[in-house]
Amino acid sequence: MMLGDLGANVLKVERPGRGDDTRGWGPPFDERGESAYYLSVNRNKVSIAADLRADRDLVVRLARAADVVVDNFLPGALARLGLDIEALLRDNSRLVWCTITGFGEESQRPGYDFVVQAESGWMAITGETDGSPMKTGVALADIVAGKDATIAILAALTARERGAEFDRRIVISLADSARGALVNVAQNAMVSGADARRWGNAHANLVPYQLFRAKDRPLVIAVGSDEQWVACARALGLDDLADDAELATNAGRLAQRDRVVAAFRERLSARSAAEWIAALDAVHVPCGIVKSVLEAIRDAAHASPVIGMPPTAGGTVRLAPPLLDEHGQEIRRVGWDVFRRYS
C-alpha cells in the first residue's frame, strides 16, 4: 500500500474464492462486505484471483513484466507450486523480489504479529510493572516489517536506476524487524548486562517521562532535556524541584524518580488537563492529552472509512481497496502491461 501511495501500480494476486484472509477479519464490515481490517491496508491496488498451480503461466507472465514482486509464502512453498524465484529473476533482469517471512529463510513457522511480539521481547517490556506481559494495541511488528520492506525495495530500485550493484533478492523477517525496533531498550540490556523490565507508562531512562492524571483526564509529560525539566517544574509551580541541584540532571532525577513522580502526581491532580497542557505548551515542554481513537482520527485530515488513514510517507490515494478479482477479467484480456498504462 505504501508503494501504491507513492505512485506504484500494484497488482494484488489472491487465491480464488475467499482471497486475502483479512477480507474476513471482522466485523465491522462495510456495505460491500469488506472488513475494516482489509480496508486499512489495501488502497491503491487492483486485484486478480489466481490459482498458483492452475494459473502458473499467468503468474509467470506477471512476474516477468513487473519491477517488483512481494510475496509472504513460507520458504519453499512457491517452488513446490512450480514457481522458481531465481529463474524469474534471470528472466527479468530488472526485477526486484522481496519475501516477507515470519522468522527468516530457514524457518517453516508461520509469521503472525502476536507470536512475533511475544518472542521479540516486546511483550516482556509492555504493560504495568506488576502486571502480565502485554502486546501493543496494533499489529506493530507487521507494520514495522512492512515499512522495512518498503525501504529495502526503494533502495534496490534506486540502485538499479543508478546502474549500481545491488541484491535483487530481498528477505525481510518480522522477527528481525521487531528485534531491531527494540533500539535503546536492547542497547540498555547489552550495555548493562541486566534484562529489560516493564515500566508501564514510565520511561526506563528519563524522568519525568510518563502518564499522569489531571483532575479530569490523563495526560502525558515527556521531559527530554535538563532545560525542559526546569521549564516544566516552574510551569507546574514546583519551584522547589526546579531549584534543587540534585535534580538538575536527568541522572539525578532518575535516582530520585519516586520523589519527582510523587510531587508531579499531587500537583497535576489539582487542575484540568487542558489547563496544564496550556501552561506546558507555553514553555515548550512536550506534553499531550490521552485521546481516544475517534478523537485522534478527527485530528487527521482526509481519513475515511473506505481508504483509511491518509498516506504517512507522502503520495496520493488513487484507488479504493479492490473487491476480490475486481480487475482480473480485464487484466487477463489485455495483459498487465496494457492495463497498468490506462488504469
# chains A, B, ... in the order shown; residues from 1 in each chain; ligands from 1
>>> select_by_dssp(residues="range 76-272 of chain A", states="helix (DSSP H, G or I)", output="number ranges by chain")
A: 77-80, 85-91, 113-119, 123-125, 140-162, 174-180, 183-192, 226-235, 239-242, 245-247, 250-255, 257-268
>>> write_last_selection(atoms="C-alpha atoms", output="tab-separated table (two decimals), in the first residue's frame")
chain	number	residue	atom	x	y	z
A	77	ALA	CA	6.21	-23.02	-0.88
A	78	LEU	CA	6.48	-21.24	-4.23
A	79	ALA	CA	8.97	-23.81	-5.55
A	80	ARG	CA	6.53	-26.60	-4.69
A	85	ILE	CA	12.21	-17.27	-7.97
A	86	GLU	CA	15.80	-17.45	-9.18
A	87	ALA	CA	14.65	-18.37	-12.70
A	88	LEU	CA	12.21	-15.45	-12.72
A	89	LEU	CA	15.00	-13.11	-11.62
A	90	ARG	CA	17.13	-14.39	-14.51
A	91	ASP	CA	14.22	-13.94	-16.95
A	113	ASP	CA	2.34	-10.49	14.64
A	114	PHE	CA	1.20	-11.64	18.09
A	115	VAL	CA	3.69	-14.51	18.18
A	116	VAL	CA	6.50	-12.25	16.96
A	117	GLN	CA	5.68	-9.65	19.62
A	118	ALA	CA	5.97	-12.37	22.25
A	119	GLU	CA	9.28	-13.76	21.00
A	123	MET	CA	5.63	-8.15	25.42
A	124	ALA	CA	8.19	-8.56	28.20
A	125	ILE	CA	8.62	-4.76	28.32
A	140	LEU	CA	3.07	-3.14	15.08
A	141	ALA	CA	5.51	-5.95	14.19
A	142	ASP	CA	3.65	-6.39	10.90
A	143	ILE	CA	3.74	-2.64	10.29
A	144	VAL	CA	7.46	-2.25	11.06
A	145	ALA	CA	8.32	-5.19	8.79
A	146	GLY	CA	6.19	-3.69	6.02
A	147	LYS	CA	7.98	-0.37	6.33
A	148	ASP	CA	11.36	-2.17	6.33
A	149	ALA	CA	10.31	-3.95	3.13
A	150	THR	CA	9.28	-0.65	1.54
A	151	ILE	CA	12.63	0.95	2.42
A	152	ALA	CA	14.60	-2.02	1.07
A	153	ILE	CA	12.59	-2.11	-2.17
A	154	LEU	CA	13.01	1.62	-2.77
A	155	ALA	CA	16.75	1.34	-2.08
A	156	ALA	CA	17.03	-1.51	-4.60
A	157	LEU	CA	15.09	0.40	-7.26
A	158	THR	CA	17.24	3.49	-6.71
A	159	ALA	CA	20.43	1.44	-7.07
A	160	ARG	CA	19.02	-0.19	-10.21
A	161	GLU	CA	18.33	3.17	-11.84
A	162	ARG	CA	21.82	4.38	-10.96
A	174	LEU	CA	9.12	-9.96	11.10
A	175	ALA	CA	11.29	-11.23	13.93
A	176	ASP	CA	14.36	-9.31	12.76
A	177	SER	CA	12.35	-6.14	12.22
A	178	ALA	CA	10.79	-6.42	15.66
A	179	ARG	CA	14.12	-7.06	17.39
A	180	GLY	CA	15.64	-4.13	15.51
A	183	VAL	CA	16.55	0.15	19.72
A	184	ASN	CA	17.51	1.80	23.06
A	185	VAL	CA	15.89	-0.97	25.14
A	186	ALA	CA	18.12	-3.58	23.52
A	187	GLN	CA	21.13	-1.30	23.86
A	188	ASN	CA	20.41	-0.76	27.57
A	189	ALA	CA	20.38	-4.52	28.11
A	190	MET	CA	23.57	-5.11	26.13
A	191	VAL	CA	25.49	-2.30	27.81
A	192	SER	CA	24.31	-3.02	31.37
A	226	ASP	CA	17.55	19.49	31.59
A	227	GLU	CA	16.25	22.78	30.19
A	228	GLN	CA	12.81	21.25	29.67
A	229	TRP	CA	12.94	19.97	33.24
A	230	VAL	CA	13.36	23.44	34.73
A	231	ALA	CA	10.67	24.90	32.47
A	232	CYS	CA	8.29	22.05	33.33
A	233	ALA	CA	8.77	22.25	37.09
A	234	ARG	CA	8.30	26.02	37.09
A	235	ALA	CA	5.21	25.84	34.85
A	239	ASP	CA	9.90	25.80	42.09
A	240	ASP	CA	11.48	23.84	44.92
A	241	LEU	CA	12.18	21.00	42.48
A	242	ALA	CA	13.38	23.35	39.76
A	245	ALA	CA	20.70	20.97	42.38
A	246	GLU	CA	20.32	17.21	42.89
A	247	LEU	CA	17.60	17.19	40.22
A	250	ASN	CA	18.47	13.51	34.22
A	251	ALA	CA	20.75	11.10	36.12
A	252	GLY	CA	19.85	12.91	39.35
A	253	ARG	CA	16.14	12.79	38.57
A	254	LEU	CA	16.41	9.12	37.67
A	255	ALA	CA	17.99	8.45	41.09
A	257	ARG	CA	12.31	9.01	40.47
A	258	ASP	CA	9.85	8.31	43.31
A	259	ARG	CA	10.20	11.77	44.80
A	260	VAL	CA	9.77	13.57	41.46
A	261	VAL	CA	6.83	11.43	40.36
A	262	ALA	CA	5.04	11.80	43.70
A	263	ALA	CA	5.32	15.60	43.54
A	264	PHE	CA	4.07	15.69	39.96
A	265	ARG	CA	1.14	13.39	40.71
A	266	GLU	CA	-0.06	15.53	43.59
A	267	ARG	CA	0.31	18.79	41.69
A	268	LEU	CA	-1.24	17.64	38.42
>>> residues_around(residues="Gly308 in chain A", least_positions_apart="4", cutoff="6 Å", atoms="only C-alpha atoms", output="mmCIF file with C-alpha atoms, in the first residue's frame")
data_model
loop_
_atom_site.group_PDB
_atom_site.id
_atom_site.type_symbol
_atom_site.label_atom_id
_atom_site.label_comp_id
_atom_site.auth_asym_id
_atom_site.auth_seq_id
_atom_site.Cartn_x
_atom_site.Cartn_y
_atom_site.Cartn_z
ATOM 1 C CA SER A 40 -6.990 -0.423 6.281
ATOM 2 C CA ALA A 303 -9.200 9.969 6.794
ATOM 3 C CA SER A 304 -12.211 7.977 5.625
#
>>> residues_around(residues="Leu280 in chain A", least_positions_apart="4", cutoff="9 Å", atoms="only C-alpha atoms", output="PyMOL selection string")
chain A and resi 221+231-232+235-236+275-276+284-287
>>> closest_residue(among="A:Arg198, A:Arg318, A:Arg94, A:Arg213", to="Thr129 in chain A", atoms="only C-alpha atoms")
A:Arg198
>>> residues_around(residues="Arg168 in chain A", least_positions_apart="4", cutoff="7 Å", atoms="only C-alpha atoms", output="ChimeraX atom specification")
/A:95-97,156
>>> residues_around(residues="Gly33 in chain A", least_positions_apart="2", cutoff="12 Å", atoms="only C-alpha atoms", output="PyMOL selection string")
chain A and resi 22-31+35-39+306+322-324
>>> write_last_selection(atoms="N, CA and C atoms", output="PDB file, in the first residue's frame")
ATOM      1  N   THR A  22      -7.614 -11.489   5.376  1.00  0.00           N
ATOM      2  CA  THR A  22      -8.099 -10.352   6.157  1.00  0.00           C
ATOM      3  C   THR A  22      -9.416  -9.806   5.633  1.00  0.00           C
ATOM      4  N   ARG A  23      -9.846 -10.216   4.442  1.00  0.00           N
ATOM      5  CA  ARG A  23     -11.168  -9.801   3.970  1.00  0.00           C
ATOM      6  C   ARG A  23     -12.264 -10.280   4.932  1.00  0.00           C
ATOM      7  N   GLY A  24     -11.994 -11.359   5.647  1.00  0.00           N
ATOM      8  CA  GLY A  24     -12.981 -11.889   6.585  1.00  0.00           C
ATOM      9  C   GLY A  24     -12.712 -11.551   8.036  1.00  0.00           C
ATOM     10  N   TRP A  25     -11.706 -10.724   8.313  1.00  0.00           N
ATOM     11  CA  TRP A  25     -11.350 -10.399   9.701  1.00  0.00           C
ATOM     12  C   TRP A  25     -12.247  -9.289  10.238  1.00  0.00           C
ATOM     13  N   GLY A  26     -13.479  -9.620  10.466  1.00  0.00           N
ATOM     14  CA  GLY A  26     -14.446  -8.671  11.014  1.00  0.00           C
ATOM     15  C   GLY A  26     -15.493  -9.415  11.818  1.00  0.00           C
ATOM     16  N   PRO A  27     -16.527  -8.709  12.309  1.00  0.00           N
ATOM     17  CA  PRO A  27     -16.862  -7.320  11.992  1.00  0.00           C
ATOM     18  C   PRO A  27     -15.916  -6.328  12.665  1.00  0.00           C
ATOM     19  N   PRO A  28     -16.006  -5.032  12.220  1.00  0.00           N
ATOM     20  CA  PRO A  28     -17.001  -4.469  11.300  1.00  0.00           C
ATOM     21  C   PRO A  28     -16.662  -4.722   9.833  1.00  0.00           C
ATOM     22  N   PHE A  29     -17.736  -4.736   9.019  1.00  0.00           N
ATOM     23  CA  PHE A  29     -17.631  -4.829   7.569  1.00  0.00           C
ATOM     24  C   PHE A  29     -18.296  -3.606   6.945  1.00  0.00           C
ATOM     25  N   ASP A  30     -17.838  -3.215   5.751  1.00  0.00           N
ATOM     26  CA  ASP A  30     -18.516  -2.112   5.067  1.00  0.00           C
ATOM     27  C   ASP A  30     -19.703  -2.647   4.282  1.00  0.00           C
ATOM     28  N   GLU A  31     -20.367  -1.754   3.546  1.00  0.00           N
ATOM     29  CA  GLU A  31     -21.589  -2.153   2.831  1.00  0.00           C
ATOM     30  C   GLU A  31     -21.313  -3.154   1.722  1.00  0.00           C
ATOM     31  N   SER A  35     -14.026  -6.300   5.278  1.00  0.00           N
ATOM     32  CA  SER A  35     -13.723  -5.995   6.668  1.00  0.00           C
ATOM     33  C   SER A  35     -12.954  -4.687   6.782  1.00  0.00           C
ATOM     34  N   ALA A  36     -13.133  -4.017   7.908  1.00  0.00           N
ATOM     35  CA  ALA A  36     -12.361  -2.799   8.167  1.00  0.00           C
ATOM     36  C   ALA A  36     -10.868  -3.113   8.172  1.00  0.00           C
ATOM     37  N   TYR A  37     -10.501  -4.281   8.671  1.00  0.00           N
ATOM     38  CA  TYR A  37      -9.092  -4.681   8.710  1.00  0.00           C
ATOM     39  C   TYR A  37      -8.512  -4.703   7.294  1.00  0.00           C
ATOM     40  N   TYR A  38      -9.225  -5.355   6.378  1.00  0.00           N
ATOM     41  CA  TYR A  38      -8.764  -5.406   4.986  1.00  0.00           C
ATOM     42  C   TYR A  38      -8.672  -4.011   4.388  1.00  0.00           C
ATOM     43  N   LEU A  39      -9.698  -3.189   4.617  1.00  0.00           N
ATOM     44  CA  LEU A  39      -9.720  -1.849   4.036  1.00  0.00           C
ATOM     45  C   LEU A  39      -8.519  -1.013   4.488  1.00  0.00           C
ATOM     46  N   VAL A 306     -13.440   4.293   3.927  1.00  0.00           N
ATOM     47  CA  VAL A 306     -13.104   3.467   2.757  1.00  0.00           C
ATOM     48  C   VAL A 306     -11.594   3.350   2.566  1.00  0.00           C
ATOM     49  N   PRO A 322      -9.658  -2.908  -3.535  1.00  0.00           N
ATOM     50  CA  PRO A 322     -10.438  -3.622  -4.555  1.00  0.00           C
ATOM     51  C   PRO A 322     -11.242  -4.781  -3.983  1.00  0.00           C
ATOM     52  N   LEU A 323     -12.343  -5.080  -4.654  1.00  0.00           N
ATOM     53  CA  LEU A 323     -13.037  -6.336  -4.412  1.00  0.00           C
ATOM     54  C   LEU A 323     -12.180  -7.477  -4.948  1.00  0.00           C
ATOM     55  N   LEU A 324     -12.447  -8.690  -4.474  1.00  0.00           N
ATOM     56  CA  LEU A 324     -11.685  -9.850  -4.938  1.00  0.00           C
ATOM     57  C   LEU A 324     -11.868 -10.038  -6.448  1.00  0.00           C
TER      58      LEU A 324
END
>>> residues_around(residues="Ser292 in chain A", least_positions_apart="5", cutoff="12 Å", atoms="only C-alpha atoms", output="ChimeraX atom specification")
/A:217-218,297-299
>>> closest_residue(among="A:Val13, A:Ala313, A:Val138, A:Leu74", to="Glu326 in chain A", atoms="only C-alpha atoms")
A:Val13
>>> decode(residues="range 13-116 of chain A", atoms="C-alpha atoms", output="PDB file, in the first residue's frame")
ATOM      1  CA  VAL A  13      -2.698 -11.617  -6.575  1.00  0.00           C
ATOM      2  CA  GLU A  14      -5.154 -13.512  -4.361  1.00  0.00           C
ATOM      3  CA  ARG A  15      -6.418 -17.048  -4.074  1.00  0.00           C
ATOM      4  CA  PRO A  16      -9.731 -17.692  -5.868  1.00  0.00           C
ATOM      5  CA  GLY A  17     -12.827 -17.993  -3.721  1.00  0.00           C
ATOM      6  CA  ARG A  18     -12.006 -16.187  -0.500  1.00  0.00           C
ATOM      7  CA  GLY A  19      -8.933 -14.139  -1.373  1.00  0.00           C
ATOM      8  CA  ASP A  20      -6.854 -12.417   1.282  1.00  0.00           C
ATOM      9  CA  ASP A  21      -7.685 -13.851   4.728  1.00  0.00           C
ATOM     10  CA  THR A  22      -8.099 -10.352   6.157  1.00  0.00           C
ATOM     11  CA  ARG A  23     -11.168  -9.801   3.970  1.00  0.00           C
ATOM     12  CA  GLY A  24     -12.981 -11.889   6.585  1.00  0.00           C
ATOM     13  CA  TRP A  25     -11.350 -10.399   9.701  1.00  0.00           C
ATOM     14  CA  GLY A  26     -14.446  -8.671  11.014  1.00  0.00           C
ATOM     15  CA  PRO A  27     -16.862  -7.320  11.992  1.00  0.00           C
ATOM     16  CA  PRO A  28     -17.001  -4.469  11.300  1.00  0.00           C
ATOM     17  CA  PHE A  29     -17.631  -4.829   7.569  1.00  0.00           C
ATOM     18  CA  ASP A  30     -18.516  -2.112   5.067  1.00  0.00           C
ATOM     19  CA  GLU A  31     -21.589  -2.153   2.831  1.00  0.00           C
ATOM     20  CA  ARG A  32     -19.698  -4.260   0.250  1.00  0.00           C
ATOM     21  CA  GLY A  33     -18.899  -6.905   2.841  1.00  0.00           C
ATOM     22  CA  GLU A  34     -15.205  -5.990   3.176  1.00  0.00           C
ATOM     23  CA  SER A  35     -13.723  -5.995   6.668  1.00  0.00           C
ATOM     24  CA  ALA A  36     -12.361  -2.799   8.167  1.00  0.00           C
ATOM     25  CA  TYR A  37      -9.092  -4.681   8.710  1.00  0.00           C
ATOM     26  CA  TYR A  38      -8.764  -5.406   4.986  1.00  0.00           C
ATOM     27  CA  LEU A  39      -9.720  -1.849   4.036  1.00  0.00           C
ATOM     28  CA  SER A  40      -6.990  -0.423   6.281  1.00  0.00           C
ATOM     29  CA  VAL A  41      -4.058  -1.727   4.202  1.00  0.00           C
ATOM     30  CA  ASN A  42      -5.304  -2.298   0.652  1.00  0.00           C
ATOM     31  CA  ARG A  43      -5.963   1.010  -1.092  1.00  0.00           C
ATOM     32  CA  ASN A  44      -4.141   1.875  -4.328  1.00  0.00           C
ATOM     33  CA  LYS A  45      -4.182  -1.734  -5.518  1.00  0.00           C
ATOM     34  CA  VAL A  46      -6.005  -3.719  -8.172  1.00  0.00           C
ATOM     35  CA  SER A  47      -6.967  -7.369  -7.636  1.00  0.00           C
ATOM     36  CA  ILE A  48      -6.738 -10.538  -9.659  1.00  0.00           C
ATOM     37  CA  ALA A  49      -7.629 -14.009  -8.361  1.00  0.00           C
ATOM     38  CA  ALA A  50      -5.237 -16.722  -9.491  1.00  0.00           C
ATOM     39  CA  ASP A  51      -4.559 -20.325  -8.540  1.00  0.00           C
ATOM     40  CA  LEU A  52      -0.777 -20.566  -8.417  1.00  0.00           C
ATOM     41  CA  ARG A  53      -0.875 -24.097  -9.864  1.00  0.00           C
ATOM     42  CA  ALA A  54      -3.621 -23.817 -12.477  1.00  0.00           C
ATOM     43  CA  ASP A  55      -2.691 -20.233 -13.391  1.00  0.00           C
ATOM     44  CA  ARG A  56       1.077 -20.688 -13.173  1.00  0.00           C
ATOM     45  CA  ASP A  57       1.685 -19.363 -16.703  1.00  0.00           C
ATOM     46  CA  LEU A  58      -0.305 -16.212 -15.921  1.00  0.00           C
ATOM     47  CA  VAL A  59       1.632 -15.601 -12.707  1.00  0.00           C
ATOM     48  CA  VAL A  60       4.947 -16.121 -14.518  1.00  0.00           C
ATOM     49  CA  ARG A  61       3.925 -13.583 -17.178  1.00  0.00           C
ATOM     50  CA  LEU A  62       3.003 -11.090 -14.480  1.00  0.00           C
ATOM     51  CA  ALA A  63       6.357 -11.544 -12.734  1.00  0.00           C
ATOM     52  CA  ARG A  64       8.252 -11.171 -15.998  1.00  0.00           C
ATOM     53  CA  ALA A  65       6.538  -7.814 -16.583  1.00  0.00           C
ATOM     54  CA  ALA A  66       6.976  -6.481 -13.046  1.00  0.00           C
ATOM     55  CA  ASP A  67       9.527  -4.190 -11.452  1.00  0.00           C
ATOM     56  CA  VAL A  68       8.895  -5.686  -8.005  1.00  0.00           C
ATOM     57  CA  VAL A  69       7.300  -8.850  -6.665  1.00  0.00           C
ATOM     58  CA  VAL A  70       6.408  -9.136  -2.976  1.00  0.00           C
ATOM     59  CA  ASP A  71       5.431 -12.499  -1.500  1.00  0.00           C
ATOM     60  CA  ASN A  72       4.855 -13.806   2.004  1.00  0.00           C
ATOM     61  CA  PHE A  73       4.921 -17.565   1.475  1.00  0.00           C
ATOM     62  CA  LEU A  74       6.797 -19.953   3.725  1.00  0.00           C
ATOM     63  CA  PRO A  75      10.251 -20.924   2.414  1.00  0.00           C
ATOM     64  CA  GLY A  76       9.970 -23.475  -0.383  1.00  0.00           C
ATOM     65  CA  ALA A  77       6.213 -23.022  -0.883  1.00  0.00           C
ATOM     66  CA  LEU A  78       6.479 -21.241  -4.232  1.00  0.00           C
ATOM     67  CA  ALA A  79       8.967 -23.808  -5.551  1.00  0.00           C
ATOM     68  CA  ARG A  80       6.526 -26.600  -4.693  1.00  0.00           C
ATOM     69  CA  LEU A  81       3.904 -24.695  -6.713  1.00  0.00           C
ATOM     70  CA  GLY A  82       6.240 -24.617  -9.702  1.00  0.00           C
ATOM     71  CA  LEU A  83       7.435 -21.031  -9.329  1.00  0.00           C
ATOM     72  CA  ASP A  84      11.224 -20.677  -9.370  1.00  0.00           C
ATOM     73  CA  ILE A  85      12.207 -17.270  -7.967  1.00  0.00           C
ATOM     74  CA  GLU A  86      15.805 -17.446  -9.184  1.00  0.00           C
ATOM     75  CA  ALA A  87      14.654 -18.370 -12.698  1.00  0.00           C
ATOM     76  CA  LEU A  88      12.211 -15.452 -12.722  1.00  0.00           C
ATOM     77  CA  LEU A  89      14.998 -13.113 -11.617  1.00  0.00           C
ATOM     78  CA  ARG A  90      17.129 -14.390 -14.508  1.00  0.00           C
ATOM     79  CA  ASP A  91      14.224 -13.940 -16.947  1.00  0.00           C
ATOM     80  CA  ASN A  92      13.635 -10.334 -15.857  1.00  0.00           C
ATOM     81  CA  SER A  93      16.921  -8.542 -15.274  1.00  0.00           C
ATOM     82  CA  ARG A  94      15.124  -5.503 -13.801  1.00  0.00           C
ATOM     83  CA  LEU A  95      13.074  -7.474 -11.280  1.00  0.00           C
ATOM     84  CA  VAL A  96      13.394  -6.957  -7.518  1.00  0.00           C
ATOM     85  CA  TRP A  97      11.863  -9.782  -5.448  1.00  0.00           C
ATOM     86  CA  CYS A  98      11.018  -9.232  -1.782  1.00  0.00           C
ATOM     87  CA  THR A  99       9.898 -12.062   0.503  1.00  0.00           C
ATOM     88  CA  ILE A 100       8.427 -11.199   3.891  1.00  0.00           C
ATOM     89  CA  THR A 101       8.841 -14.082   6.347  1.00  0.00           C
ATOM     90  CA  GLY A 102       7.980 -14.618   9.980  1.00  0.00           C
ATOM     91  CA  PHE A 103      11.274 -15.969  11.274  1.00  0.00           C
ATOM     92  CA  GLY A 104      13.706 -15.989   8.337  1.00  0.00           C
ATOM     93  CA  GLU A 105      14.524 -18.077   5.303  1.00  0.00           C
ATOM     94  CA  GLU A 106      15.235 -21.257   7.240  1.00  0.00           C
ATOM     95  CA  SER A 107      12.066 -21.362   9.331  1.00  0.00           C
ATOM     96  CA  GLN A 108       8.774 -23.040   8.447  1.00  0.00           C
ATOM     97  CA  ARG A 109       6.949 -21.246  11.266  1.00  0.00           C
ATOM     98  CA  PRO A 110       4.086 -19.020  10.079  1.00  0.00           C
ATOM     99  CA  GLY A 111       4.667 -15.355  10.861  1.00  0.00           C
ATOM    100  CA  TYR A 112       1.884 -13.845  12.948  1.00  0.00           C
ATOM    101  CA  ASP A 113       2.344 -10.487  14.641  1.00  0.00           C
ATOM    102  CA  PHE A 114       1.201 -11.642  18.086  1.00  0.00           C
ATOM    103  CA  VAL A 115       3.691 -14.514  18.184  1.00  0.00           C
ATOM    104  CA  VAL A 116       6.495 -12.254  16.965  1.00  0.00           C
TER     105      VAL A 116
END
